[in-house]
$ cat final.cif   # mmCIF, C-alpha atoms
data_my_file
loop_
_atom_site.label_atom_id
_atom_site.label_comp_id
_atom_site.auth_asym_id
_atom_site.auth_seq_id
_atom_site.Cartn_x
_atom_site.Cartn_y
_atom_site.Cartn_z
CA MET F 1 137.93 207.10 68.44
CA LYS F 2 139.01 203.86 66.87
CA LEU F 3 136.74 200.85 67.31
CA THR F 4 138.34 197.49 67.46
CA PRO F 5 136.56 194.58 65.81
CA ARG F 6 135.85 193.09 69.22
CA ILE F 7 134.11 196.18 70.60
CA LEU F 8 132.28 196.66 67.34
CA GLY F 9 131.02 193.08 67.42
CA LEU F 10 129.80 193.42 71.00
CA SER F 11 128.01 196.71 70.37
CA SER F 12 126.38 195.40 67.19
CA GLY F 13 125.16 192.30 69.02
CA LEU F 14 123.76 194.41 71.86
CA ALA F 15 121.94 196.71 69.45
CA LEU F 16 120.43 193.76 67.61
CA ALA F 17 119.23 192.23 70.88
CA VAL F 18 117.57 195.51 71.98
CA MET F 19 115.92 195.91 68.60
CA LEU F 20 114.55 192.37 68.48
CA GLY F 21 113.34 192.61 72.04
CA ALA F 22 111.39 195.77 71.20
CA CYS F 23 109.74 194.17 68.19
CA GLY F 24 107.92 191.55 70.20
CA ASP F 25 104.39 190.44 69.45
CA ASP F 26 101.94 191.30 72.20
CA GLY F 27 99.51 188.59 71.09
CA PRO F 28 98.58 185.60 73.19
CA THR F 29 101.40 183.32 73.96
CA THR F 30 101.24 179.62 74.45
CA PRO F 31 102.94 178.67 77.65
CA VAL F 32 105.74 176.23 77.22
CA VAL F 33 104.85 173.07 79.06
CA THR F 34 107.82 171.17 80.29
CA THR F 35 107.49 167.75 81.76
CA PRO F 36 110.00 166.67 84.29
CA PRO F 37 112.22 163.83 83.22
CA PRO F 38 110.88 160.48 84.26
CA THR F 39 112.21 159.36 87.59
CA LEU F 40 113.78 155.98 87.40
CA ALA F 41 113.01 153.63 90.21
CA PRO F 42 116.17 152.26 91.74
CA THR F 43 116.98 148.78 90.61
CA PRO F 44 116.55 146.51 93.60
CA ALA F 45 119.57 144.52 94.65
CA PRO F 46 119.35 140.90 93.60
CA THR F 47 118.18 138.60 96.31
CA PRO F 48 121.16 136.56 97.42
CA THR F 49 120.77 132.89 96.83
CA PRO F 50 121.83 131.07 99.96
CA THR F 51 124.48 128.48 99.47
CA PRO F 52 122.87 125.17 100.31
CA VAL F 53 124.36 123.57 103.38
CA PRO F 54 125.20 119.96 102.62
CA ALA F 55 123.34 117.37 104.67
CA VAL F 56 125.86 115.27 106.56
CA SER F 57 123.59 113.32 108.90
CA GLY F 58 124.24 109.61 108.49
CA PHE F 59 126.90 106.92 108.74
CA TRP F 60 130.40 107.63 107.42
CA ASP F 61 133.50 105.47 106.92
CA SER F 62 137.03 106.79 106.52
CA GLU F 63 138.84 105.33 103.52
CA ALA F 64 142.42 105.54 104.80
CA ARG F 65 142.07 104.72 108.49
CA ARG F 66 138.77 102.80 108.45
CA TRP F 67 137.10 104.72 111.30
CA HIS F 68 133.30 104.53 111.45
CA PHE F 69 131.25 107.59 112.42
CA ARG F 70 127.60 108.44 112.94
CA LEU F 71 126.99 112.16 112.38
CA GLU F 72 123.89 114.19 113.15
CA GLN F 73 123.45 117.71 111.84
CA GLN F 74 121.31 120.47 113.32
CA GLY F 75 121.99 123.61 111.25
CA THR F 76 125.73 124.23 111.61
CA THR F 77 126.14 121.98 114.68
CA ILE F 78 127.49 118.46 114.29
CA THR F 79 127.04 115.77 116.93
CA GLY F 80 127.26 112.00 116.82
CA SER F 81 129.39 109.05 117.87
CA LEU F 82 132.60 107.31 116.98
CA LEU F 83 131.23 103.84 116.20
CA GLY F 84 134.34 101.76 115.60
CA TYR F 85 137.70 101.16 113.96
CA ARG F 86 138.30 98.75 111.08
CA ASP F 87 136.18 95.66 111.79
CA VAL F 88 135.66 96.40 115.51
CA TYR F 89 132.51 98.27 116.55
CA TYR F 90 132.27 99.67 120.08
CA SER F 91 129.62 98.09 122.28
CA ASN F 92 128.56 101.40 123.88
CA PRO F 93 128.51 104.22 121.29
CA GLU F 94 126.83 106.42 123.93
CA ASP F 95 130.06 106.47 125.99
CA PRO F 96 130.97 110.18 126.50
CA GLU F 97 134.49 109.52 125.16
CA LEU F 98 132.98 108.40 121.84
CA LYS F 99 130.72 111.47 121.47
CA ILE F 100 131.39 113.67 118.46
CA THR F 101 130.99 117.44 118.44
CA GLY F 102 131.76 119.84 115.63
CA THR F 103 130.64 122.47 113.17
CA LEU F 104 129.69 122.80 109.53
CA VAL F 105 130.14 126.23 107.94
CA GLY F 106 129.24 126.26 104.24
CA SER F 107 130.98 123.13 103.02
CA GLN F 108 133.77 123.26 105.64
CA ILE F 109 133.39 120.64 108.38
CA ASP F 110 135.32 120.08 111.56
CA PHE F 111 134.49 117.48 114.21
CA HIS F 112 136.23 115.52 116.96
CA ALA F 113 135.80 112.81 119.57
CA ASN F 114 137.87 112.50 122.74
CA ALA F 115 138.51 108.79 122.13
CA PHE F 116 141.92 108.35 120.51
CA GLY F 117 142.11 112.13 119.96
CA THR F 118 140.15 111.62 116.74
CA ASN F 119 139.60 114.79 114.68
CA PHE F 120 138.50 115.42 111.10
CA THR F 121 138.80 118.74 109.25
CA GLY F 122 137.77 118.98 105.62
CA THR F 123 135.31 119.83 102.89
CA VAL F 124 131.99 118.22 102.14
CA GLN F 125 131.94 117.54 98.41
CA ALA F 126 129.03 118.59 96.18
CA GLY F 127 126.22 116.10 96.55
CA GLY F 128 127.10 115.47 100.20
CA LEU F 129 128.31 111.88 99.74
CA ARG F 130 132.05 112.44 100.35
CA MET F 131 134.25 114.54 102.61
CA THR F 132 137.88 115.17 101.80
CA GLY F 133 140.33 116.41 104.41
CA THR F 134 142.68 115.55 107.24
CA LEU F 135 141.94 112.90 109.83
CA ARG F 136 144.05 112.98 113.00
CA ASP F 137 144.07 110.17 115.51
CA CYS F 138 146.29 108.99 118.30
CA ALA F 139 145.42 105.27 118.16
CA ASN F 140 149.02 104.25 117.34
CA GLY F 141 150.86 107.49 118.04
CA CYS F 142 149.39 110.83 116.96
CA ARG F 143 149.46 111.41 113.22
CA ASN F 144 147.58 113.29 110.51
CA TYR F 145 146.28 111.40 107.50
CA GLY F 146 144.89 112.68 104.23
CA ASP F 147 141.55 110.91 104.22
CA GLU F 148 138.22 110.74 102.52
CA LEU F 149 135.03 109.96 104.38
CA VAL F 150 132.34 108.18 102.39
CA LYS F 151 128.67 108.30 103.36
CA GLN F 152 127.16 104.84 103.75
CA PRO F 153 123.73 104.04 102.30
#
$ encode --input "final.cif" --output "structure tokens"
Amino acid sequence: MKLTPRILGLSSGLALAVMLGACGDDGPTTPVVTTPPPTLAPTPAPTPTPTPVPAVSGFWDSEARRWHFRLEQQGTTITGSLLGYRDVYYSNPEDPELKITGTLVGSQIDFHANAFGTNFTGTVQAGGLRMTGTLRDCANGCRNYGDELVKQP
């Protein structure tokens, strides 16, 4: 019978393993102590920092059209009154037609009054002293104007 190197290698390895296993020491053995790997606590998700909602309560004047507004903010709800146009202030700002309603979501603001179909949609700038956007009114025919509202001291 001819032994190939592969079979010879396997049989030699098996014989060596049997021989070494039989030569064991029957003396006391020290148990192998294994410690489990440390468990890592999950990293907590960072606490989201809420985006501050700009405060828009106060008196505002439009730069392009010269409308005057009083806005009041409660959370994301905007209310107030259309106070006047150019150098004319309305005698009864509590008139329902002059009432303003709207919303503020993040820095995006949208409000309107029934009088003259007045509507403003825009962005409250950082610092809350200016709003940039589109003012629509129907005082002299309905038109949209790029406008900036400036908060009055």
$ residues_around --input "final.cif" --residues "Thr121 (chain F)" --least-positions-apart "4" --cutoff "7 Å" --atoms "only C-alpha atoms" --output "list in words"
Ile109, Asp110, Phe111, Gly133, Thr134 and Leu135 of chain F
$ closest_residue --input "final.cif" --among "F:Val88, F:Ala115, F:Val32, F:Leu129" --to "Pro54 (chain F)" --atoms "all atoms listed in the file"
F:Leu129
$ closest_residue --input "final.cif" --among "F:Thr35, F:Thr118, F:Thr79, F:Asn92" --to "Arg65 (chain F)" --atoms "all atoms listed in the file"
F:Thr118
$ resolve_selection --input "final.cif" --expression "the PyMOL selection byres ((chain F and resi 80-87) around 9)" --output "PyMOL selection string"
chain F and resi 57+65-73+78-79+88-101+112-113+115+118
$ resolve_selection --input "final.cif" --expression "the PyMOL selection byres ((chain F and resi 63) around 7)" --output "VMD selection string"
chain F and resid 61 to 62 64 to 66 147 to 149
$ closest_residue --input "final.cif" --among "F:Thr34, F:Gln74, F:Thr39, F:Asn114" --to "Cys138 (chain F)" --atoms "only C-alpha atoms"
F:Asn114
$ closest_residue --input "final.cif" --among "F:Gln152, F:Thr103, F:Thr47, F:Gln108" --to "Thr132 (chain F)" --atoms "only C-alpha atoms"
F:Gln108
$ build_atoms --input "final.cif" --residues "region 102-118 of chain F" --atoms "N, CA, C and O atoms" --output "compact mmCIF listing (two decimals), keeping the file's coordinate frame"
# COMPACT_ATOMS: atom_id res chain seq x y z
N GLY F 102 131.09 119.10 116.68
CA GLY F 102 131.76 119.84 115.63
C GLY F 102 130.87 120.87 114.99
O GLY F 102 129.77 121.17 115.48
N THR F 103 131.36 121.42 113.89
CA THR F 103 130.64 122.47 113.17
C THR F 103 130.71 122.24 111.67
O THR F 103 131.63 121.59 111.17
N LEU F 104 129.73 122.80 110.99
CA LEU F 104 129.69 122.80 109.53
C LEU F 104 129.38 124.23 109.10
O LEU F 104 128.31 124.75 109.42
N VAL F 105 130.31 124.87 108.42
CA VAL F 105 130.14 126.23 107.94
C VAL F 105 130.31 126.20 106.43
O VAL F 105 131.41 125.96 105.94
N GLY F 106 129.20 126.42 105.70
CA GLY F 106 129.24 126.26 104.24
C GLY F 106 129.53 124.79 103.96
O GLY F 106 128.81 123.91 104.40
N SER F 107 130.61 124.52 103.28
CA SER F 107 130.98 123.13 103.02
C SER F 107 132.17 122.69 103.88
O SER F 107 132.65 121.58 103.74
N GLN F 108 132.63 123.58 104.78
CA GLN F 108 133.77 123.26 105.64
C GLN F 108 133.28 122.58 106.93
O GLN F 108 132.44 123.13 107.64
N ILE F 109 133.81 121.40 107.20
CA ILE F 109 133.39 120.64 108.38
C ILE F 109 134.58 120.38 109.28
O ILE F 109 135.71 120.22 108.81
N ASP F 110 134.31 120.37 110.56
CA ASP F 110 135.32 120.08 111.56
C ASP F 110 134.62 119.37 112.72
O ASP F 110 133.64 119.89 113.25
N PHE F 111 135.07 118.17 113.07
CA PHE F 111 134.49 117.48 114.21
C PHE F 111 135.55 116.64 114.91
O PHE F 111 136.59 116.33 114.34
N HIS F 112 135.27 116.32 116.19
CA HIS F 112 136.23 115.52 116.96
C HIS F 112 135.51 114.69 118.01
O HIS F 112 134.38 114.98 118.39
N ALA F 113 136.21 113.65 118.44
CA ALA F 113 135.80 112.81 119.57
C ALA F 113 137.00 112.71 120.50
O ALA F 113 138.16 112.71 120.03
N ASN F 114 136.76 112.61 121.79
CA ASN F 114 137.87 112.50 122.74
C ASN F 114 138.60 111.17 122.59
O ASN F 114 139.82 111.11 122.77
N ALA F 115 137.88 110.11 122.26
CA ALA F 115 138.51 108.79 122.13
C ALA F 115 139.59 108.83 121.05
O ALA F 115 139.34 109.25 119.92
N PHE F 116 140.78 108.43 121.42
CA PHE F 116 141.92 108.35 120.51
C PHE F 116 142.30 109.71 119.90
O PHE F 116 143.02 109.77 118.91
N GLY F 117 141.79 110.80 120.48
CA GLY F 117 142.11 112.13 119.96
C GLY F 117 141.70 112.28 118.50
O GLY F 117 142.36 112.94 117.71
N THR F 118 140.59 111.66 118.14
CA THR F 118 140.15 111.62 116.74
C THR F 118 139.57 112.97 116.33
O THR F 118 138.71 113.52 117.01
